[in-house]
Amino acid sequence: MSRQPELQEQVYSEIKDINVYDPESLTEAKLLNHCLNETLRLTPSLYFFPRKATADTWLKLDDTRKIMIPKGTTIRLDIWNANRNEFFWGKDVSGYPADAYVPARWDVLASEGISRRNLTHFGFGLGARVCPGQFLGQLEVGLVVGAFIKVFQFKAVNKATGARAGVTTKPDDGTLIDLELR
Ligand code: HEM
């Protein structure tokens, strides 16, 4: 967001009058939520999930083929690439290329009646082990980022910052930004 000053100002004008950071007022902050969704999609905190097959498991592919995962095999679910898969997230579905940071795609998806649950978005995992703290997490992040934008204007120090793979995804430069009080 810091590399897009206009976007930062749009989020600011949306939240500047929010004084109570409760779930209702944060739900109203649509652009802020779109930015957070888009950020989690492109830079998921957990960029792969390890899994171990507890039984011989057949997976059906899109065509007629099947893959057998033998019991005991450890596999890694590739969240990083699933979240930027052109088939699920690309122009035909969301109006924008899958690997571009475009918060507005969430408006397009909503207008088509498509929610994150319909897509391969694993920001909070999916299925039986989905994150039980998802809504608390979203509330906390909305609260912190919202309050931050309300108080500061900020600019990234570096033109581009890659993602560093650790246990979780982190910005390569540790998030170097210039801050100015509004
Ligand atoms: C933005 C914040 C958060 C993100 C991005 C996040 C992400 C995730 C992801 C991706 C998983 C699934 C891991 C997997 O399938 O292997 C997970 C699981 C989990 N999360 Fe979160 N989480 C967040 C906040 C929280 C909070 C606030 C709590 C608790 C208060 C929490 C508690 C858990 C627990 C207990 C699991 C394990 C669930 C299980 O294995 O059955 N998370 N989280």
# chains A, B, ... in the order shown; residues from 1 in each chain; ligands from 1
$ residues_near_ligand --ligand "ligand 1" --cutoff "8 Å" --atoms "only C-alpha atoms and all ligand atoms" --output "number ranges by chain"
A: 40, 44-46, 49-51, 122-126, 128-138, 140-141
$ write_last_selection --atoms "N, CA and C atoms" --output "PDB file, in the first residue's frame"
ATOM      1  N   LEU A  40      -3.033 -10.335   1.820  1.00  0.00           N
ATOM      2  CA  LEU A  40      -2.939 -11.714   2.324  1.00  0.00           C
ATOM      3  C   LEU A  40      -2.925 -12.723   1.169  1.00  0.00           C
ATOM      4  N   PRO A  44       0.796 -14.468   1.477  1.00  0.00           N
ATOM      5  CA  PRO A  44       0.195 -15.194   2.602  1.00  0.00           C
ATOM      6  C   PRO A  44       1.217 -15.417   3.710  1.00  0.00           C
ATOM      7  N   SER A  45       0.769 -15.256   4.960  1.00  0.00           N
ATOM      8  CA  SER A  45       1.693 -15.423   6.090  1.00  0.00           C
ATOM      9  C   SER A  45       2.326 -16.811   6.054  1.00  0.00           C
ATOM     10  N   LEU A  46       1.494 -17.824   5.792  1.00  0.00           N
ATOM     11  CA  LEU A  46       2.033 -19.182   5.623  1.00  0.00           C
ATOM     12  C   LEU A  46       1.978 -19.491   4.134  1.00  0.00           C
ATOM     13  N   PHE A  49       1.680 -25.224   3.229  1.00  0.00           N
ATOM     14  CA  PHE A  49       1.222 -26.019   4.382  1.00  0.00           C
ATOM     15  C   PHE A  49       1.801 -27.428   4.237  1.00  0.00           C
ATOM     16  N   PRO A  50       2.488 -27.935   5.238  1.00  0.00           N
ATOM     17  CA  PRO A  50       2.920 -29.318   5.173  1.00  0.00           C
ATOM     18  C   PRO A  50       1.775 -30.248   5.600  1.00  0.00           C
ATOM     19  N   ARG A  51       1.647 -31.358   4.921  1.00  0.00           N
ATOM     20  CA  ARG A  51       0.631 -32.347   5.277  1.00  0.00           C
ATOM     21  C   ARG A  51       1.237 -33.750   5.142  1.00  0.00           C
ATOM     22  N   PHE A 122      -5.870 -19.470   0.310  1.00  0.00           N
ATOM     23  CA  PHE A 122      -5.569 -20.222   1.517  1.00  0.00           C
ATOM     24  C   PHE A 122      -4.948 -19.327   2.589  1.00  0.00           C
ATOM     25  N   GLY A 123      -5.265 -18.032   2.553  1.00  0.00           N
ATOM     26  CA  GLY A 123      -4.693 -17.104   3.527  1.00  0.00           C
ATOM     27  C   GLY A 123      -4.932 -17.554   4.962  1.00  0.00           C
ATOM     28  N   PHE A 124      -6.084 -18.177   5.208  1.00  0.00           N
ATOM     29  CA  PHE A 124      -6.394 -18.692   6.538  1.00  0.00           C
ATOM     30  C   PHE A 124      -6.556 -20.210   6.495  1.00  0.00           C
ATOM     31  N   GLY A 125      -6.047 -20.845   5.443  1.00  0.00           N
ATOM     32  CA  GLY A 125      -6.248 -22.281   5.285  1.00  0.00           C
ATOM     33  C   GLY A 125      -7.679 -22.544   4.828  1.00  0.00           C
ATOM     34  N   LEU A 126      -8.009 -23.799   4.642  1.00  0.00           N
ATOM     35  CA  LEU A 126      -9.356 -24.201   4.237  1.00  0.00           C
ATOM     36  C   LEU A 126      -9.641 -25.567   4.840  1.00  0.00           C
ATOM     37  N   ALA A 128     -10.904 -28.681   7.284  1.00  0.00           N
ATOM     38  CA  ALA A 128     -10.981 -29.050   8.706  1.00  0.00           C
ATOM     39  C   ALA A 128     -10.000 -28.261   9.576  1.00  0.00           C
ATOM     40  N   ARG A 129      -8.862 -27.868   9.018  1.00  0.00           N
ATOM     41  CA  ARG A 129      -7.849 -27.163   9.826  1.00  0.00           C
ATOM     42  C   ARG A 129      -7.834 -25.661   9.560  1.00  0.00           C
ATOM     43  N   VAL A 130      -8.934 -25.145   9.046  1.00  0.00           N
ATOM     44  CA  VAL A 130      -8.986 -23.703   8.763  1.00  0.00           C
ATOM     45  C   VAL A 130      -8.736 -22.926  10.058  1.00  0.00           C
ATOM     46  N   CYS A 131      -8.146 -21.734   9.936  1.00  0.00           N
ATOM     47  CA  CYS A 131      -7.767 -20.940  11.108  1.00  0.00           C
ATOM     48  C   CYS A 131      -8.995 -20.581  11.961  1.00  0.00           C
ATOM     49  N   PRO A 132      -9.031 -21.020  13.206  1.00  0.00           N
ATOM     50  CA  PRO A 132     -10.181 -20.673  14.052  1.00  0.00           C
ATOM     51  C   PRO A 132     -10.130 -19.211  14.512  1.00  0.00           C
ATOM     52  N   GLY A 133      -8.977 -18.565  14.334  1.00  0.00           N
ATOM     53  CA  GLY A 133      -8.838 -17.169  14.773  1.00  0.00           C
ATOM     54  C   GLY A 133      -9.019 -16.187  13.633  1.00  0.00           C
ATOM     55  N   GLN A 134      -9.552 -16.675  12.486  1.00  0.00           N
ATOM     56  CA  GLN A 134      -9.647 -15.837  11.285  1.00  0.00           C
ATOM     57  C   GLN A 134     -10.328 -14.481  11.555  1.00  0.00           C
ATOM     58  N   PHE A 135     -11.483 -14.504  12.181  1.00  0.00           N
ATOM     59  CA  PHE A 135     -12.242 -13.255  12.319  1.00  0.00           C
ATOM     60  C   PHE A 135     -11.586 -12.324  13.337  1.00  0.00           C
ATOM     61  N   LEU A 136     -11.026 -12.918  14.393  1.00  0.00           N
ATOM     62  CA  LEU A 136     -10.286 -12.099  15.356  1.00  0.00           C
ATOM     63  C   LEU A 136      -9.055 -11.504  14.663  1.00  0.00           C
ATOM     64  N   GLY A 137      -8.356 -12.326  13.877  1.00  0.00           N
ATOM     65  CA  GLY A 137      -7.157 -11.872  13.155  1.00  0.00           C
ATOM     66  C   GLY A 137      -7.481 -10.720  12.219  1.00  0.00           C
ATOM     67  N   GLN A 138      -8.588 -10.876  11.451  1.00  0.00           N
ATOM     68  CA  GLN A 138      -8.972  -9.820  10.502  1.00  0.00           C
ATOM     69  C   GLN A 138      -9.319  -8.521  11.242  1.00  0.00           C
ATOM     70  N   GLU A 140      -8.163  -7.600  14.200  1.00  0.00           N
ATOM     71  CA  GLU A 140      -6.941  -7.011  14.765  1.00  0.00           C
ATOM     72  C   GLU A 140      -6.131  -6.288  13.687  1.00  0.00           C
ATOM     73  N   VAL A 141      -5.994  -6.937  12.528  1.00  0.00           N
ATOM     74  CA  VAL A 141      -5.194  -6.323  11.457  1.00  0.00           C
ATOM     75  C   VAL A 141      -5.885  -5.053  10.954  1.00  0.00           C
TER      76      VAL A 141
END
$ residues_around --residues "A:Thr43" --least-positions-apart "4" --cutoff "8 Å" --atoms "only C-alpha atoms" --output "MDAnalysis selection string"
chainID A and resid 39 47 80 163 169
$ write_last_selection --atoms "C-alpha atoms" --output "short mmCIF file (atom, residue, chain, number, x, y, z; two decimals), in the first residue's frame"
data_model
loop_
_atom_site.label_atom_id
_atom_site.label_comp_id
_atom_site.auth_asym_id
_atom_site.auth_seq_id
_atom_site.Cartn_x
_atom_site.Cartn_y
_atom_site.Cartn_z
CA THR A 39 -2.20 -8.37 0.66
CA TYR A 47 3.18 -19.70 2.05
CA TRP A 80 1.99 -18.98 -2.73
CA ALA A 163 9.33 -11.38 0.22
CA THR A 169 6.48 -14.65 4.86
#
$ select_by_dssp --residues "stretch 16-181 of chain A" --states "strand (DSSP E or B)" --output "PyMOL selection string"
chain A and resi 48-52+57-60+66-69+74-78+152-156+163-165+169-171+177-181
$ atom_distance --atom1 "atom CA of A:Tyr12" --atom2 "atom CA of A:Thr168"
28.3 Å
$ residues_around --residues "stretch 25-32 of chain A" --least-positions-apart "2" --cutoff "10 Å" --atoms "only C-alpha atoms" --output "PyMOL selection string"
chain A and resi 7-8+10-15+17-23+34-38+103-104+106-107+138-139+142-143+145-146+149
$ write_last_selection --atoms "N, CA, C and O atoms" --output "short mmCIF file (atom, residue, chain, number, x, y, z; two decimals), in the first residue's frame"
data_model
loop_
_atom_site.label_atom_id
_atom_site.label_comp_id
_atom_site.auth_asym_id
_atom_site.auth_seq_id
_atom_site.Cartn_x
_atom_site.Cartn_y
_atom_site.Cartn_z
N LEU A 7 -3.82 5.27 -3.24
CA LEU A 7 -4.60 4.23 -2.56
C LEU A 7 -4.62 4.50 -1.06
O LEU A 7 -5.65 4.40 -0.39
N GLN A 8 -3.45 4.90 -0.53
CA GLN A 8 -3.33 5.21 0.89
C GLN A 8 -4.30 6.35 1.26
O GLN A 8 -4.99 6.29 2.28
N GLN A 10 -7.03 7.18 -0.36
CA GLN A 10 -8.43 6.71 -0.49
C GLN A 10 -8.84 5.95 0.78
O GLN A 10 -9.94 6.12 1.29
N VAL A 11 -7.91 5.10 1.28
CA VAL A 11 -8.23 4.37 2.51
C VAL A 11 -8.40 5.36 3.65
O VAL A 11 -9.32 5.26 4.45
N TYR A 12 -7.51 6.38 3.68
CA TYR A 12 -7.59 7.39 4.75
C TYR A 12 -8.95 8.09 4.74
O TYR A 12 -9.61 8.23 5.77
N SER A 13 -9.41 8.50 3.54
CA SER A 13 -10.69 9.23 3.52
C SER A 13 -11.84 8.31 3.92
O SER A 13 -12.85 8.77 4.44
N GLU A 14 -11.66 7.01 3.71
CA GLU A 14 -12.72 6.07 4.11
C GLU A 14 -12.77 5.89 5.63
O GLU A 14 -13.84 5.72 6.21
N ILE A 15 -11.61 5.93 6.28
CA ILE A 15 -11.59 5.59 7.71
C ILE A 15 -11.40 6.78 8.65
O ILE A 15 -11.47 6.60 9.86
N ASP A 17 -13.16 9.07 9.66
CA ASP A 17 -14.24 9.38 10.61
C ASP A 17 -14.59 8.19 11.51
O ASP A 17 -15.51 8.29 12.32
N ILE A 18 -13.88 7.10 11.34
CA ILE A 18 -14.15 5.96 12.23
C ILE A 18 -13.42 6.21 13.55
O ILE A 18 -12.20 6.31 13.59
N ASN A 19 -14.17 6.33 14.60
CA ASN A 19 -13.55 6.54 15.91
C ASN A 19 -13.69 5.33 16.82
O ASN A 19 -12.99 5.21 17.80
N VAL A 20 -14.61 4.46 16.47
CA VAL A 20 -14.79 3.25 17.26
C VAL A 20 -14.44 2.06 16.36
O VAL A 20 -15.09 1.83 15.35
N TYR A 21 -13.39 1.37 16.73
CA TYR A 21 -12.95 0.25 15.88
C TYR A 21 -13.66 -1.03 16.32
O TYR A 21 -13.05 -1.93 16.87
N ASP A 22 -14.96 -1.09 16.04
CA ASP A 22 -15.69 -2.32 16.34
C ASP A 22 -15.92 -3.07 15.02
O ASP A 22 -15.67 -2.53 13.94
N PRO A 23 -16.39 -4.33 15.09
CA PRO A 23 -16.55 -5.11 13.86
C PRO A 23 -17.44 -4.40 12.83
O PRO A 23 -17.15 -4.42 11.64
N HIS A 34 -10.48 -4.66 1.33
CA HIS A 34 -10.01 -5.17 0.03
C HIS A 34 -8.47 -5.18 0.01
O HIS A 34 -7.85 -6.10 -0.49
N CYS A 35 -7.86 -4.10 0.55
CA CYS A 35 -6.39 -4.03 0.58
C CYS A 35 -5.82 -5.17 1.44
O CYS A 35 -4.83 -5.80 1.06
N LEU A 36 -6.45 -5.43 2.58
CA LEU A 36 -5.94 -6.47 3.46
C LEU A 36 -6.13 -7.85 2.83
O LEU A 36 -5.24 -8.71 2.89
N ASN A 37 -7.27 -8.07 2.18
CA ASN A 37 -7.50 -9.34 1.48
C ASN A 37 -6.48 -9.56 0.37
O ASN A 37 -5.94 -10.65 0.20
N GLU A 38 -6.24 -8.47 -0.39
CA GLU A 38 -5.31 -8.57 -1.52
C GLU A 38 -3.87 -8.81 -1.03
O GLU A 38 -3.11 -9.56 -1.64
N PRO A 103 -6.62 -4.11 -5.25
CA PRO A 103 -7.71 -4.30 -4.29
C PRO A 103 -9.10 -4.25 -4.96
O PRO A 103 -10.03 -4.93 -4.49
N ALA A 104 -9.23 -3.49 -6.05
CA ALA A 104 -10.54 -3.34 -6.71
C ALA A 104 -11.06 -4.69 -7.23
O ALA A 104 -12.26 -4.82 -7.49
N TRP A 106 -11.65 -7.19 -5.64
CA TRP A 106 -12.60 -7.76 -4.68
C TRP A 106 -14.00 -7.21 -4.88
O TRP A 106 -14.98 -7.87 -4.55
N ASP A 107 -14.10 -6.00 -5.45
CA ASP A 107 -15.42 -5.45 -5.83
C ASP A 107 -15.98 -6.24 -7.00
O ASP A 107 -17.15 -6.56 -7.04
N GLN A 138 -8.59 -10.88 11.45
CA GLN A 138 -8.97 -9.82 10.50
C GLN A 138 -9.32 -8.52 11.24
O GLN A 138 -8.98 -7.43 10.80
N LEU A 139 -9.98 -8.68 12.38
CA LEU A 139 -10.36 -7.51 13.18
C LEU A 139 -9.10 -6.81 13.71
O LEU A 139 -8.98 -5.58 13.62
N GLY A 142 -7.20 -5.11 10.80
CA GLY A 142 -7.96 -3.93 10.35
C GLY A 142 -7.79 -2.79 11.34
O GLY A 142 -7.59 -1.64 10.95
N LEU A 143 -7.83 -3.14 12.61
CA LEU A 143 -7.71 -2.12 13.66
C LEU A 143 -6.32 -1.47 13.63
O LEU A 143 -6.19 -0.25 13.63
N VAL A 145 -3.90 -1.57 11.16
CA VAL A 145 -3.57 -0.87 9.90
C VAL A 145 -4.44 0.38 9.76
O VAL A 145 -3.96 1.45 9.37
N GLY A 146 -5.72 0.26 10.12
CA GLY A 146 -6.63 1.41 10.03
C GLY A 146 -6.13 2.56 10.91
O GLY A 146 -6.04 3.70 10.45
N ILE A 149 -2.94 4.20 9.43
CA ILE A 149 -3.16 5.09 8.27
C ILE A 149 -3.83 6.38 8.73
O ILE A 149 -3.60 7.45 8.16
#
$ closest_residue --among "A:Val93, A:Val102, A:Ile67, A:Ile75" --to "A:Leu119" --atoms "only C-alpha atoms"
A:Val93
$ select_by_dssp --residues "stretch 24-86 of chain A" --states "helix (DSSP H, G or I)" --output "list in words"
Glu24, Ser25, Leu26, Thr27, Glu28, Lys30, Leu31, Leu32, Asn33, His34, Cys35, Leu36, Asn37, Glu38, Thr39, Leu40, Arg41, Leu42, Ile79, Trp80, Asn81, Ala82 and Glu86 of chain A
$ write_last_selection --atoms "C-alpha atoms" --output "compact mmCIF listing (two decimals), in the first residue's frame"
# COMPACT_ATOMS: atom_id res chain seq x y z
CA GLU A 24 -19.45 -3.10 12.35
CA SER A 25 -17.42 0.02 11.55
CA LEU A 26 -14.53 -2.02 10.18
CA THR A 27 -16.90 -3.97 7.90
CA GLU A 28 -17.95 -0.58 6.47
CA LYS A 30 -14.56 -1.71 2.24
CA LEU A 31 -11.37 -0.48 0.58
CA LEU A 32 -9.29 -1.17 3.69
CA ASN A 33 -10.67 -4.73 3.75
CA HIS A 34 -10.01 -5.17 0.03
CA CYS A 35 -6.39 -4.03 0.58
CA LEU A 36 -5.94 -6.47 3.46
CA ASN A 37 -7.50 -9.34 1.48
CA GLU A 38 -5.31 -8.57 -1.52
CA THR A 39 -2.20 -8.37 0.66
CA LEU A 40 -2.94 -11.71 2.32
CA ARG A 41 -3.65 -13.29 -1.09
CA LEU A 42 -0.35 -12.20 -2.66
CA ILE A 79 -0.20 -21.66 -1.13
CA TRP A 80 1.99 -18.98 -2.73
CA ASN A 81 1.16 -20.15 -6.25
CA ALA A 82 -2.43 -21.27 -5.59
CA GLU A 86 -4.54 -17.24 -13.28
$ closest_residue --among "A:Lys52, A:Asp99, A:Phe88, A:Pro5" --to "A:Arg76" --atoms "only C-alpha atoms"
A:Lys52
